[in-house]
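What follows is the content of work.csv (CSV, C-alpha atoms and all ligand atoms).
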chain,number,residue,atom,x,y,z
D,715,MET,CA,-36.4,19.5,-29.8
D,716,PRO,CA,-32.6,19.0,-29.7
D,717,SER,CA,-31.3,15.4,-30.4
D,718,LEU,CA,-30.4,13.2,-27.5
D,719,PRO,CA,-26.6,13.6,-28.0
D,720,VAL,CA,-26.9,17.3,-28.0
D,721,LEU,CA,-29.0,17.2,-24.8
D,722,LEU,CA,-26.5,15.0,-23.1
D,723,LEU,CA,-23.7,17.3,-24.2
D,724,LEU,CA,-25.6,20.3,-22.8
D,725,ALA,CA,-26.2,18.5,-19.5
D,726,ALA,CA,-22.6,17.5,-19.4
D,727,LEU,CA,-21.5,21.1,-19.8
D,728,SER,CA,-23.4,22.7,-17.0
D,729,VAL,CA,-22.3,23.8,-13.6
D,730,SER,CA,-24.5,22.3,-10.9
D,731,HIS,CA,-26.8,24.3,-8.6
D,732,SER,CA,-24.8,23.1,-5.7
D,733,GLU,CA,-21.6,24.7,-7.1
D,734,TYR,CA,-23.4,28.0,-7.6
D,735,GLN,CA,-24.7,27.7,-4.0
D,736,GLN,CA,-21.1,27.1,-2.8
D,737,ARG,CA,-19.9,30.2,-4.6
D,738,ARG,CA,-22.6,32.3,-2.9
D,739,THR,CA,-21.6,30.7,0.5
D,740,ARG,CA,-18.0,31.5,-0.1
D,741,LEU,CA,-18.8,35.1,-1.0
D,742,ARG,CA,-20.9,35.4,2.2
D,743,GLN,CA,-17.9,34.1,4.1
D,744,ALA,CA,-15.7,36.7,2.4
D,745,LEU,CA,-18.1,39.5,3.2
D,746,PRO,CA,-19.4,38.7,6.7
D,747,ASN,CA,-22.4,40.5,8.2
D,748,SER,CA,-23.2,42.0,4.8
D,749,ALA,CA,-25.9,42.0,2.2
D,750,ILE,CA,-24.8,41.8,-1.4
D,751,VAL,CA,-27.1,43.1,-4.1
D,752,LEU,CA,-26.4,42.4,-7.8
D,753,LEU,CA,-28.4,43.3,-10.8
D,754,GLY,CA,-28.4,41.0,-13.8
D,755,SER,CA,-28.2,42.3,-17.4
D,756,PRO,CA,-31.2,44.2,-18.8
D,757,ASP,CA,-33.4,42.8,-21.6
D,758,THR,CA,-31.8,43.4,-25.0
D,759,SER,CA,-34.4,41.5,-27.0
D,760,SER,CA,-35.8,44.6,-28.7
D,761,ASP,CA,-32.4,45.0,-30.4
D,762,PRO,CA,-32.2,42.1,-32.9
D,763,ARG,CA,-28.4,42.3,-33.1
D,764,SER,CA,-27.8,42.0,-29.3
D,765,PRO,CA,-27.6,38.6,-27.7
D,766,MET,CA,-28.5,38.3,-24.0
D,767,LEU,CA,-25.1,38.4,-22.3
D,768,GLN,CA,-25.5,38.0,-18.6
D,769,GLU,CA,-23.5,40.3,-16.3
D,770,PRO,CA,-20.5,37.9,-15.6
D,771,ASN,CA,-20.5,38.3,-11.8
D,772,PHE,CA,-24.2,37.7,-11.6
D,773,TYR,CA,-23.8,34.6,-13.9
D,774,TYR,CA,-20.9,33.3,-11.8
D,775,LEU,CA,-23.0,33.4,-8.7
D,776,THR,CA,-26.3,32.1,-10.1
D,777,GLY,CA,-25.9,30.6,-13.6
D,778,TRP,CA,-29.1,32.5,-14.4
D,779,MET,CA,-29.3,33.7,-18.0
D,780,GLU,CA,-32.7,35.5,-18.2
D,781,PRO,CA,-32.7,39.3,-18.1
D,782,ASN,CA,-33.7,41.8,-15.4
D,783,ALA,CA,-33.1,39.5,-12.4
D,784,VAL,CA,-31.8,40.8,-9.1
D,785,LEU,CA,-29.9,38.7,-6.6
D,786,LEU,CA,-29.8,39.5,-2.8
D,787,ILE,CA,-27.4,37.5,-0.6
D,788,LEU,CA,-27.9,37.9,3.2
D,789,PRO,CA,-25.9,36.6,6.1
D,790,GLU,CA,-26.5,32.9,6.9
D,791,SER,CA,-28.3,33.8,10.1
D,792,GLU,CA,-31.1,35.6,8.2
D,793,GLN,CA,-34.2,34.0,6.9
D,794,PRO,CA,-34.3,34.0,3.9
D,795,ASP,CA,-30.6,34.1,3.4
D,796,GLU,CA,-30.8,34.6,-0.3
D,797,VAL,CA,-33.5,35.9,-2.8
D,798,LEU,CA,-33.7,35.9,-6.5
D,799,PHE,CA,-36.1,38.4,-8.0
D,800,LEU,CA,-37.5,37.7,-11.4
D,801,PRO,CA,-39.6,39.9,-13.7
D,802,PRO,CA,-43.3,38.9,-13.8
D,803,HIS,CA,-44.7,37.0,-16.8
D,804,ASN,CA,-45.3,39.2,-19.9
D,805,GLN,CA,-47.5,37.2,-22.1
D,806,ARG,CA,-47.0,39.2,-25.2
D,807,GLN,CA,-43.3,39.1,-24.9
D,808,GLU,CA,-43.3,35.4,-24.1
D,809,ARG,CA,-45.4,34.8,-27.3
D,810,TYR,CA,-42.5,36.2,-29.3
D,811,GLU,CA,-39.5,35.0,-27.3
D,812,GLY,CA,-40.6,31.9,-25.5
D,813,ARG,CA,-41.6,31.2,-21.9
D,814,ARG,CA,-39.6,32.7,-19.1
D,815,ALA,CA,-39.5,31.8,-15.4
D,816,ALA,CA,-41.2,34.0,-12.8
D,817,ALA,CA,-41.9,34.1,-9.1
D,818,GLY,CA,-44.8,31.9,-8.2
D,819,ASP,CA,-44.2,29.4,-11.0
D,820,SER,CA,-44.4,25.9,-9.7
D,821,GLY,CA,-40.9,24.5,-9.2
D,822,VAL,CA,-39.2,27.9,-9.8
D,823,GLU,CA,-36.9,27.4,-6.7
D,824,ALA,CA,-35.7,24.0,-8.1
D,825,LEU,CA,-35.2,25.6,-11.5
D,826,THR,CA,-33.1,28.5,-10.2
D,827,GLY,CA,-31.4,26.6,-7.4
D,828,ILE,CA,-32.3,29.5,-5.1
D,829,SER,CA,-34.7,28.9,-2.2
D,830,ARG,CA,-36.6,32.1,-2.3
D,831,VAL,CA,-37.8,33.6,-5.6
D,832,LEU,CA,-39.8,36.8,-5.5
D,833,SER,CA,-41.2,39.2,-8.1
D,834,ALA,CA,-38.8,41.8,-9.4
D,835,GLY,CA,-41.7,44.2,-9.1
D,836,ILE,CA,-41.0,44.4,-5.4
D,837,TRP,CA,-37.2,44.1,-5.3
D,838,GLU,CA,-36.5,47.6,-4.1
D,839,SER,CA,-38.9,47.5,-1.1
D,840,GLU,CA,-37.8,44.0,-0.2
D,841,VAL,CA,-34.1,44.8,-0.3
D,842,ARG,CA,-34.8,47.8,1.9
D,843,ARG,CA,-36.7,45.7,4.3
D,844,LEU,CA,-34.4,42.6,4.4
D,845,THR,CA,-31.2,44.6,4.7
D,846,ALA,CA,-32.4,47.0,7.5
D,847,GLY,CA,-30.0,46.8,10.4
D,848,LEU,CA,-27.2,45.1,8.5
D,849,PRO,CA,-23.9,46.8,9.1
D,850,LYS,CA,-22.7,46.6,5.5
D,851,LEU,CA,-24.2,46.7,2.0
D,852,HIS,CA,-22.2,45.6,-1.1
D,853,THR,CA,-22.9,45.9,-4.8
D,854,LEU,CA,-20.8,46.3,-7.9
D,855,THR,CA,-20.2,50.0,-7.3
D,856,GLN,CA,-18.2,50.5,-10.6
D,857,THR,CA,-20.9,49.2,-13.0
D,858,PRO,CA,-23.8,51.1,-14.6
D,859,SER,CA,-26.3,49.3,-12.3
D,860,ALA,CA,-24.8,50.8,-9.2
D,861,GLU,CA,-27.0,54.0,-9.3
D,862,THR,CA,-30.2,51.9,-9.5
D,863,VAL,CA,-29.1,49.8,-6.5
D,864,LYS,CA,-28.1,52.9,-4.5
D,865,ARG,CA,-31.5,54.5,-5.3
D,866,ALA,CA,-33.3,51.5,-3.9
D,867,VAL,CA,-31.6,51.9,-0.5
D,868,PRO,CA,-30.7,55.6,-0.2
D,869,ASN,CA,-28.7,57.2,2.5
D,870,THR,CA,-26.5,54.1,2.9
D,871,GLU,CA,-22.9,53.6,2.2
D,872,TRP,CA,-22.3,51.0,-0.5
D,873,THR,CA,-19.1,49.0,-0.6
D,874,ASP,CA,-17.7,47.4,-3.8
D,875,ALA,CA,-18.4,43.7,-4.0
D,876,ALA,CA,-16.1,43.3,-7.0
D,877,PRO,CA,-12.8,42.5,-5.3
D,878,ALA,CA,-14.3,39.7,-3.3
D,879,ILE,CA,-16.1,38.2,-6.3
D,880,THR,CA,-13.0,38.6,-8.4
D,881,ARG,CA,-10.9,36.7,-5.9
D,882,LEU,CA,-13.3,33.8,-6.2
D,883,ARG,CA,-13.5,34.0,-9.9
D,884,MET,CA,-9.7,34.0,-10.3
D,885,VAL,CA,-9.4,30.4,-9.0
D,886,LYS,CA,-11.3,28.0,-11.2
D,887,SER,CA,-13.1,24.9,-9.8
D,888,PRO,CA,-12.4,21.5,-11.4
D,889,ARG,CA,-15.7,21.9,-13.2
D,890,GLU,CA,-14.7,25.3,-14.7
D,891,ILE,CA,-11.4,23.8,-15.8
D,892,GLU,CA,-13.3,21.1,-17.7
D,893,MET,CA,-15.5,23.7,-19.3
D,894,LEU,CA,-12.6,25.8,-20.3
D,895,GLN,CA,-10.9,22.7,-21.7
D,896,ARG,CA,-14.0,22.0,-23.8
D,897,SER,CA,-13.9,25.6,-25.2
D,898,ILE,CA,-10.2,25.1,-25.9
D,899,ASP,CA,-10.7,21.8,-27.7
D,900,VAL,CA,-13.4,23.3,-29.9
D,901,SER,CA,-11.1,26.3,-30.7
D,902,ILE,CA,-8.2,23.9,-31.6
D,903,GLU,CA,-10.6,22.1,-33.9
D,904,ALA,CA,-11.4,25.4,-35.5
D,905,HIS,CA,-7.7,26.3,-35.9
D,906,LEU,CA,-6.9,23.0,-37.5
D,907,ALA,CA,-9.9,23.4,-39.9
D,908,ALA,CA,-8.5,26.9,-40.8
D,909,TRP,CA,-5.0,25.4,-41.5
D,910,LYS,CA,-6.6,22.9,-43.9
D,911,ARG,CA,-8.3,25.6,-45.8
D,912,VAL,CA,-5.7,28.4,-46.0
D,913,LYS,CA,-4.2,29.1,-49.4
D,914,PRO,CA,-3.1,32.1,-51.5
D,915,GLY,CA,-6.1,33.9,-53.1
D,916,LEU,CA,-8.6,33.2,-50.3
D,917,HIS,CA,-9.7,36.1,-48.1
D,918,GLU,CA,-9.1,36.4,-44.4
D,919,TYR,CA,-12.8,36.4,-43.8
D,920,GLN,CA,-13.1,33.0,-45.4
D,921,ILE,CA,-10.7,31.5,-42.9
D,922,ALA,CA,-12.8,33.2,-40.1
D,923,ALA,CA,-15.9,31.8,-41.6
D,924,THR,CA,-14.5,28.2,-41.6
D,925,MET,CA,-13.7,28.7,-37.9
D,926,THR,CA,-17.1,30.2,-37.0
D,927,GLY,CA,-18.6,27.1,-38.7
D,928,VAL,CA,-16.7,24.7,-36.4
D,929,ILE,CA,-17.5,26.7,-33.3
D,930,LEU,CA,-21.3,26.8,-34.0
D,931,GLU,CA,-21.4,23.3,-35.3
D,932,ARG,CA,-19.9,22.1,-32.0
D,933,GLY,CA,-22.8,23.7,-30.1
D,934,CYS,CA,-20.8,26.7,-28.8
D,935,GLU,CA,-22.6,30.0,-28.6
D,936,ARG,CA,-20.2,32.4,-30.3
D,937,HIS,CA,-16.6,33.6,-30.6
D,938,ALA,CA,-15.3,34.6,-27.3
D,939,TYR,CA,-14.0,37.8,-29.0
D,940,ARG,CA,-13.9,39.2,-32.5
D,941,PRO,CA,-11.8,36.8,-34.6
D,942,VAL,CA,-8.5,38.2,-35.6
D,943,VAL,CA,-7.3,36.7,-39.0
D,944,GLY,CA,-4.6,38.9,-40.2
D,945,ALA,CA,-2.3,38.2,-43.2
D,946,GLY,CA,0.9,40.0,-44.3
D,947,PRO,CA,0.7,43.6,-43.1
D,948,ASP,CA,-2.5,42.8,-41.1
D,949,SER,CA,-0.6,40.4,-38.9
D,950,ALA,CA,1.3,43.3,-37.4
D,951,ILE,CA,-1.9,45.0,-36.1
D,952,LEU,CA,-2.6,43.7,-32.6
D,953,HIS,CA,-6.4,43.6,-32.6
D,954,TYR,CA,-7.0,43.6,-36.3
D,955,SER,CA,-10.5,42.2,-37.0
D,956,ALA,CA,-11.6,43.6,-40.4
D,957,ASN,CA,-10.5,40.3,-42.0
D,958,ARG,CA,-10.8,41.7,-45.5
D,959,ARG,CA,-7.4,41.0,-47.1
D,960,LYS,CA,-6.8,38.6,-50.0
D,961,MET,CA,-4.0,36.4,-48.7
D,962,GLU,CA,-0.8,36.1,-50.8
D,963,ARG,CA,1.8,33.4,-50.9
D,964,GLY,CA,4.6,34.4,-48.5
D,965,ASP,CA,2.3,36.2,-46.1
D,966,LEU,CA,2.4,35.3,-42.5
D,967,LEU,CA,-1.2,34.6,-41.2
D,968,LEU,CA,-1.9,35.4,-37.6
D,969,ILE,CA,-5.0,33.7,-36.3
D,970,ASP,CA,-6.3,34.7,-32.9
D,971,VAL,CA,-9.6,32.9,-32.5
D,972,GLY,CA,-11.3,31.4,-29.5
D,973,ALA,CA,-14.7,29.8,-28.9
D,974,GLU,CA,-17.2,30.6,-26.1
D,975,CYS,CA,-18.8,27.4,-25.1
D,976,ALA,CA,-21.3,27.2,-22.2
D,977,CYS,CA,-20.2,30.8,-21.3
D,978,TYR,CA,-16.4,29.9,-20.9
D,979,ALA,CA,-13.9,31.7,-23.2
D,980,ALA,CA,-10.9,30.2,-25.0
D,981,ASP,CA,-8.2,32.5,-26.4
D,982,ILE,CA,-5.6,30.9,-28.7
D,983,THR,CA,-3.3,32.3,-31.4
D,984,ARG,CA,-1.1,30.7,-34.0
D,985,THR,CA,0.8,32.2,-36.8
D,986,ILE,CA,1.3,30.2,-40.0
D,987,PRO,CA,2.8,30.8,-43.4
D,988,VAL,CA,0.4,31.2,-46.4
D,989,GLY,CA,1.7,28.9,-49.0
D,990,GLY,CA,2.9,26.3,-46.5
D,991,ARG,CA,6.5,27.3,-45.8
D,992,PHE,CA,8.1,29.9,-43.5
D,993,ASN,CA,10.9,31.8,-45.3
D,994,ALA,CA,14.2,32.1,-43.5
D,995,ARG,CA,13.5,35.5,-42.0
D,996,GLN,CA,10.0,34.5,-40.8
D,997,ARG,CA,11.4,31.3,-39.3
D,998,GLU,CA,14.1,32.9,-37.3
D,999,LEU,CA,11.7,35.4,-35.8
D,1000,TYR,CA,9.1,32.7,-35.3
D,1001,GLU,CA,11.5,30.5,-33.4
D,1002,ALA,CA,12.4,33.4,-31.2
D,1003,VAL,CA,8.8,33.9,-30.3
D,1004,LEU,CA,8.3,30.2,-29.7
D,1005,GLY,CA,11.3,30.0,-27.5
D,1006,ALA,CA,10.0,33.0,-25.6
D,1007,ARG,CA,6.7,31.2,-25.1
D,1008,ASP,CA,8.4,28.1,-23.8
D,1009,ALA,CA,10.5,30.2,-21.4
D,1010,ALA,CA,7.5,32.1,-20.2
D,1011,ILE,CA,5.5,28.9,-19.6
D,1012,ALA,CA,8.5,27.5,-17.7
D,1013,ALA,CA,8.4,30.5,-15.4
D,1014,VAL,CA,4.7,30.1,-14.5
D,1015,LYS,CA,4.2,28.9,-11.0
D,1016,PRO,CA,2.3,29.9,-7.9
D,1017,GLY,CA,3.6,33.2,-6.4
D,1018,GLU,CA,4.7,34.7,-9.8
D,1019,SER,CA,2.7,37.4,-11.5
D,1020,LEU,CA,1.5,38.4,-15.0
D,1021,GLY,CA,2.6,42.0,-14.3
D,1022,PRO,CA,4.9,44.0,-16.5
D,1023,ARG,CA,7.8,43.6,-14.1
D,1024,GLY,CA,7.1,39.9,-13.3
D,1025,ALA,CA,9.4,37.0,-13.9
D,1026,ILE,CA,7.1,35.5,-16.6
D,1027,ILE,CA,7.3,38.4,-19.0
D,1028,GLN,CA,11.0,38.8,-18.2
D,1029,ALA,CA,11.7,35.2,-19.2
D,1030,ALA,CA,10.0,35.9,-22.6
D,1031,ARG,CA,11.9,39.1,-23.1
D,1032,ASP,CA,15.2,37.7,-22.1
D,1033,TYR,CA,14.8,34.8,-24.5
D,1034,MET,CA,13.9,37.1,-27.4
D,1035,ASP,CA,17.0,39.3,-26.7
D,1036,ARG,CA,19.4,36.4,-26.1
D,1037,ARG,CA,18.4,34.1,-28.9
D,1038,GLY,CA,16.5,36.2,-31.4
D,1039,PRO,CA,17.9,38.5,-34.0
D,1040,GLN,CA,18.2,42.3,-33.5
D,1041,VAL,CA,15.8,44.3,-35.6
D,1042,ASN,CA,16.8,47.7,-36.9
D,1043,GLY,CA,19.7,47.6,-34.4
D,1044,GLN,CA,17.3,47.0,-31.5
D,1045,PRO,CA,16.9,44.0,-29.2
D,1046,LEU,CA,13.9,41.9,-30.4
D,1047,SER,CA,11.9,42.5,-27.3
D,1048,LYS,CA,11.4,46.1,-28.3
D,1049,TYR,CA,8.9,44.7,-30.8
D,1050,PHE,CA,7.0,42.8,-28.1
D,1051,THR,CA,4.5,45.6,-27.4
D,1052,HIS,CA,1.9,44.1,-25.1
D,1053,GLY,CA,1.6,42.1,-21.8
D,1054,ILE,CA,2.5,38.4,-21.4
D,1055,GLY,CA,-1.0,37.3,-20.7
D,1056,HIS,CA,-4.3,37.6,-18.7
D,1057,HIS,CA,-6.8,35.4,-16.9
D,1058,THR,CA,-9.5,33.7,-18.8
D,1059,GLY,CA,-12.8,32.3,-17.7
D,1060,LEU,CA,-16.4,33.6,-18.2
D,1061,GLU,CA,-14.7,36.5,-20.0
D,1062,VAL,CA,-11.8,36.3,-22.3
D,1063,HIS,CA,-10.1,39.0,-20.3
D,1064,ASP,CA,-11.4,37.6,-17.1
D,1065,ALA,CA,-11.8,39.4,-13.8
D,1066,SER,CA,-8.5,39.7,-12.0
D,1067,ILE,CA,-6.7,41.8,-9.5
D,1068,PRO,CA,-3.6,43.2,-11.4
D,1069,GLU,CA,-0.3,41.7,-10.3
D,1070,GLU,CA,-2.0,39.4,-7.8
D,1071,PRO,CA,0.3,36.4,-7.4
D,1072,LEU,CA,-0.7,33.3,-9.3
D,1073,GLU,CA,-2.3,30.4,-7.4
D,1074,PRO,CA,-3.0,26.8,-8.4
D,1075,GLY,CA,-6.3,26.7,-10.3
D,1076,MET,CA,-5.9,29.9,-12.1
D,1077,VAL,CA,-6.2,29.8,-15.9
D,1078,ILE,CA,-4.2,32.3,-17.9
D,1079,THR,CA,-2.9,33.0,-21.3
D,1080,ILE,CA,0.8,33.1,-22.3
D,1081,GLU,CA,1.0,35.1,-25.4
D,1082,PRO,CA,4.3,36.6,-26.5
D,1083,GLY,CA,4.3,38.4,-29.9
D,1084,ILE,CA,6.4,40.6,-32.0
D,1085,TYR,CA,5.1,43.1,-34.6
D,1086,ILE,CA,7.4,44.6,-37.3
D,1087,PRO,CA,5.1,46.6,-39.7
D,1088,GLU,CA,8.0,47.6,-41.9
D,1089,GLU,CA,8.6,43.9,-42.7
D,1090,ASN,CA,4.8,43.0,-42.8
D,1091,ILE,CA,5.5,40.6,-40.0
D,1092,GLY,CA,3.4,40.0,-36.9
D,1093,ILE,CA,3.9,36.8,-34.9
D,1094,ARG,CA,2.0,35.8,-31.8
D,1095,ILE,CA,1.7,32.4,-30.2
D,1096,GLU,CA,-0.9,32.3,-27.5
D,1097,ASP,CA,-1.7,29.3,-25.3
D,1098,MET,CA,-3.9,28.7,-22.3
D,1099,VAL,CA,-2.3,27.5,-19.2
D,1100,LEU,CA,-3.5,26.1,-15.9
D,1101,VAL,CA,-1.4,27.1,-12.9
D,1102,THR,CA,-0.6,23.9,-10.9
D,1103,PRO,CA,1.0,23.5,-7.5
D,1104,ARG,CA,4.5,23.2,-9.0
D,1105,GLY,CA,4.2,25.0,-12.3
D,1106,ALA,CA,1.9,25.0,-15.3
D,1107,LYS,CA,-0.1,22.7,-17.5
D,1108,VAL,CA,-0.7,23.8,-21.1
D,1109,LEU,CA,-4.3,23.2,-21.8
D,1110,SER,CA,-3.9,24.1,-25.5
D,1111,SER,CA,-0.9,21.9,-26.2
D,1112,ALA,CA,-2.8,19.8,-28.7
D,1113,LEU,CA,-2.5,22.6,-31.2
D,1114,PRO,CA,1.0,22.3,-32.7
D,1115,ALA,CA,3.2,25.4,-32.5
D,1116,GLY,CA,6.6,24.1,-33.8
D,1117,PRO,CA,7.3,25.5,-37.3
D,1118,SER,CA,8.2,22.2,-38.9
D,1119,GLU,CA,5.0,20.5,-37.5
D,1120,ILE,CA,2.9,23.5,-38.8
D,1121,GLU,CA,4.5,23.1,-42.2
D,1122,ARG,CA,3.8,19.3,-42.2
D,1123,ARG,CA,0.1,20.0,-41.3
D,1124,LEU,CA,-0.2,22.7,-44.0
D,1125,ALA,CA,1.2,20.2,-46.6
D,1126,LYS,CA,-1.6,17.7,-45.8
U,1201,LIG,N1,-7.7,37.7,-28.2
U,1201,LIG,C1,-7.5,38.8,-27.3
U,1201,LIG,C2,-6.3,38.6,-26.5
U,1201,LIG,O1,-5.4,37.8,-27.0
U,1201,LIG,O2,-6.1,39.1,-25.5
U,1202,MN,MN,-5.2,36.8,-25.0
U,1203,MN,MN,-5.9,36.2,-28.2
Output the structure of this file as structure tokens.
Amino acid sequence: MPSLPVLLLLAALSVSHSEYQQRRTRLRQALPNSAIVLLGSPDTSSDPRSPMLQEPNFYYLTGWMEPNAVLLILPESEQPDEVLFLPPHNQRQERYEGRRAAAGDSGVEALTGISRVLSAGIWESEVRRLTAGLPKLHTLTQTPSAETVKRAVPNTEWTDAAPAITRLRMVKSPREIEMLQRSIDVSIEAHLAAWKRVKPGLHEYQIAATMTGVILERGCERHAYRPVVGAGPDSAILHYSANRRKMERGDLLLIDVGAECACYAADITRTIPVGGRFNARQRELYEAVLGARDAAIAAVKPGESLGPRGAIIQAARDYMDRRGPQVNGQPLSKYFTHGIGHHTGLEVHDASIPEEPLEPGMVITIEPGIYIPEENIGIRIEDMVLVTPRGAKVLSSALPAGPSEIERRLAK
């Protein structure tokens, strides 16, 4: 039995049934006169290395984490107007893995927050019956589950539900922002623990291990993505995650680590000097990336976009080229070889419609970086930012990024 503080924390971290209900209502409004059929993730419990990761759109609309569920959303005028199908009890499996909910359990509607719960054994025939005569059927046509759904109701044209769900997911509710903030706060704690530990002679994986310890100790489920802890030459590899190098004094150490807590993903990067001091070359390049970050954040506001020709990335590139040094006779932004950022939420690279203008309530990363393998230098600074009506609020600002502040912290 978890202790009382842990239980309170878990309760404090959940999204309410009524918020999930609101999301389904808003989806219904976005897709009028339609049925929407979504399959949850299959059961992975026979593979001991695979955690149950719910399909994120299904999770967004239900908060339901058990496998092999099916959600049917119908127009409000129908009765029932939504159904959750759950697999029947399997006593042998439940002996190994614990009890699961099933249709017919007392209180299953209150548990799931969905007013009609039926057995997944009949989902295909029920979906056929309940959707008969409806003008439009939607599912996630681009996912592996689409074929299964299409087979259940053959000879019907299925339309993709993803754009409508994505539009909802892109703007976070106040509750989601709180949950993201919690993942960010835990990630910051992990970064600061890493800074305390880092020193020449330790391996990159030991820094990753310290950070994993904080993330799990705080009750979060996992890393939101493979931890990137890259020193020296490894700092210049964008998605390096082998984490095997023994760190040396004078290396730059790029740490891109974020926690997933109650299903919400943080994504934060800092670059620090192993041994405690940036050398002059590292510092001039670092300051150029930091200034680019600040310029990009200043350019975030509703109406702008994260696209490759948008004002946000342009602000970062301009800063690098105006204020940073040339490298090999080239403007510094030539070495900035990825996008300026992405949405975060239930997924670290969250559902989004490319180049869609930003709106208040969206949560994005701003992550300028430069990578110069011939100098063993990679520098990325990545923050999480909430788009507000007038601009941006940096949700990860509690993690220092100024070079002198980083040096002071490393000296402690
Ligand atoms: N950590 C993955 C990314 O920065 O996009
Ligand atoms: Mn990122
Ligand atoms: Mn990242």
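Where the distance criterion is 7 Å and the atoms used are only C-alpha atoms and all ligand atoms, the residues close to ligand MN 1203 (chain U) are Asp970, Val971, Asp981, Ile982, Thr983 and Glu1096 of chain D.
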Write the residues of the selection above to a file with C-alpha atoms, as a PDB file, keeping the file's coordinate frame.
ATOM      1  CA  ASP D 970      -6.300  34.700 -32.900  1.00  0.00           C
ATOM      2  CA  VAL D 971      -9.600  32.900 -32.500  1.00  0.00           C
ATOM      3  CA  ASP D 981      -8.200  32.500 -26.400  1.00  0.00           C
ATOM      4  CA  ILE D 982      -5.600  30.900 -28.700  1.00  0.00           C
ATOM      5  CA  THR D 983      -3.300  32.300 -31.400  1.00  0.00           C
ATOM      6  CA  GLU D1096      -0.900  32.300 -27.500  1.00  0.00           C
TER       7      GLU D1096
END
Exercise for the section: Write as an MDAnalysis selection string the residues around ligand MN 1202 (chain U), taking 8 Å as the cut-off and counting all atoms listed in the file. Expected result: chainID D and resid 981:982 1055:1056 1062:1063 1079:1081 1096
Exercise for the section: Compile the contact shell of Ile1091 of chain D as a list in words: residues with an atom at most 9 Å away, counting only C-alpha atoms, same-chain residues fewer than 6 positions apart removed. Expected result: Ala945, Gly946, Pro947, Asp948, Ser949, Ala950, Asp965, Leu966, Gln996, Ile1084 and Tyr1085 of chain D
Problem - Polymer residues at most 9 Å from (4.5, 39.5, -29.4) by all atoms listed in the file, as a list in words - result: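 So the residues meeting the distance criterion are Leu952, Val1003, Ser1047, Tyr1049, Phe1050, Thr1051, His1052, Gly1053, Ile1054, Glu1081, Pro1082, Gly1083, Ile1084, Tyr1085, Gly1092, Ile1093, Arg1094 and Ile1095 of chain D.
Candidate residues D:Asn1090, D:Gln1044, D:Met925, D:Met884 were compared for distance to Leu967 of chain D, and the nearest is D:Asn1090, using all atoms listed in the file.
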Practice task
Find the residues around Ala876 of chain D up to 8 Å (all atoms listed in the file counted), leave out those fewer than 3 positions away in its own chain, and share them as a ChimeraX atom specification.
Solution key: /D:853-855,879-880
Handout entry: Nearest candidate to Gln736 of chain D (options D:Val784, D:Leu882, D:Val751, D:Val928; using only C-alpha atoms)
Key =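 Comparing D:Val784, D:Leu882, D:Val751, D:Val928 against Gln736 of chain D, the winner is D:Leu882.
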Completion exercise
One decimal place gives the atom CA of Leu753 of chain D-atom CA of Gln856 of chain D separation as 12.5 Å
Problem - Expected answer as a list in words: all residues with atoms within 7 Å of (-37.5, 42.3, -12.3), all atoms listed in the file - result: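 Using all atoms listed in the file, the matching residues come out as Asn782, Ala783, Val784, Phe799, Leu800, Pro801, Pro802, Ser833, Ala834 and Gly835 of chain D.
Shortest atom-to-atom contact with ligand LIG 1201 (chain U) among D:Glu1119, D:Glu840, D:Glu1069, D:Glu1061: D:Glu1061, counting only C-alpha atoms and all ligand atoms.
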Handout entry: Test item: residues at most 10 Å from Glu1070 of chain D, all atoms listed in the file, excluding those fewer than 6 positions along its chain, as a PyMOL selection string
Key = chain D and resi 881+884+1017-1021
Problem - Option closest in space to ligand LIG 1201 (chain U), from D:Val943, D:Ile1067, D:Ile1086, D:Leu788 [counting only C-alpha atoms and all ligand atoms] - result: D:Val943
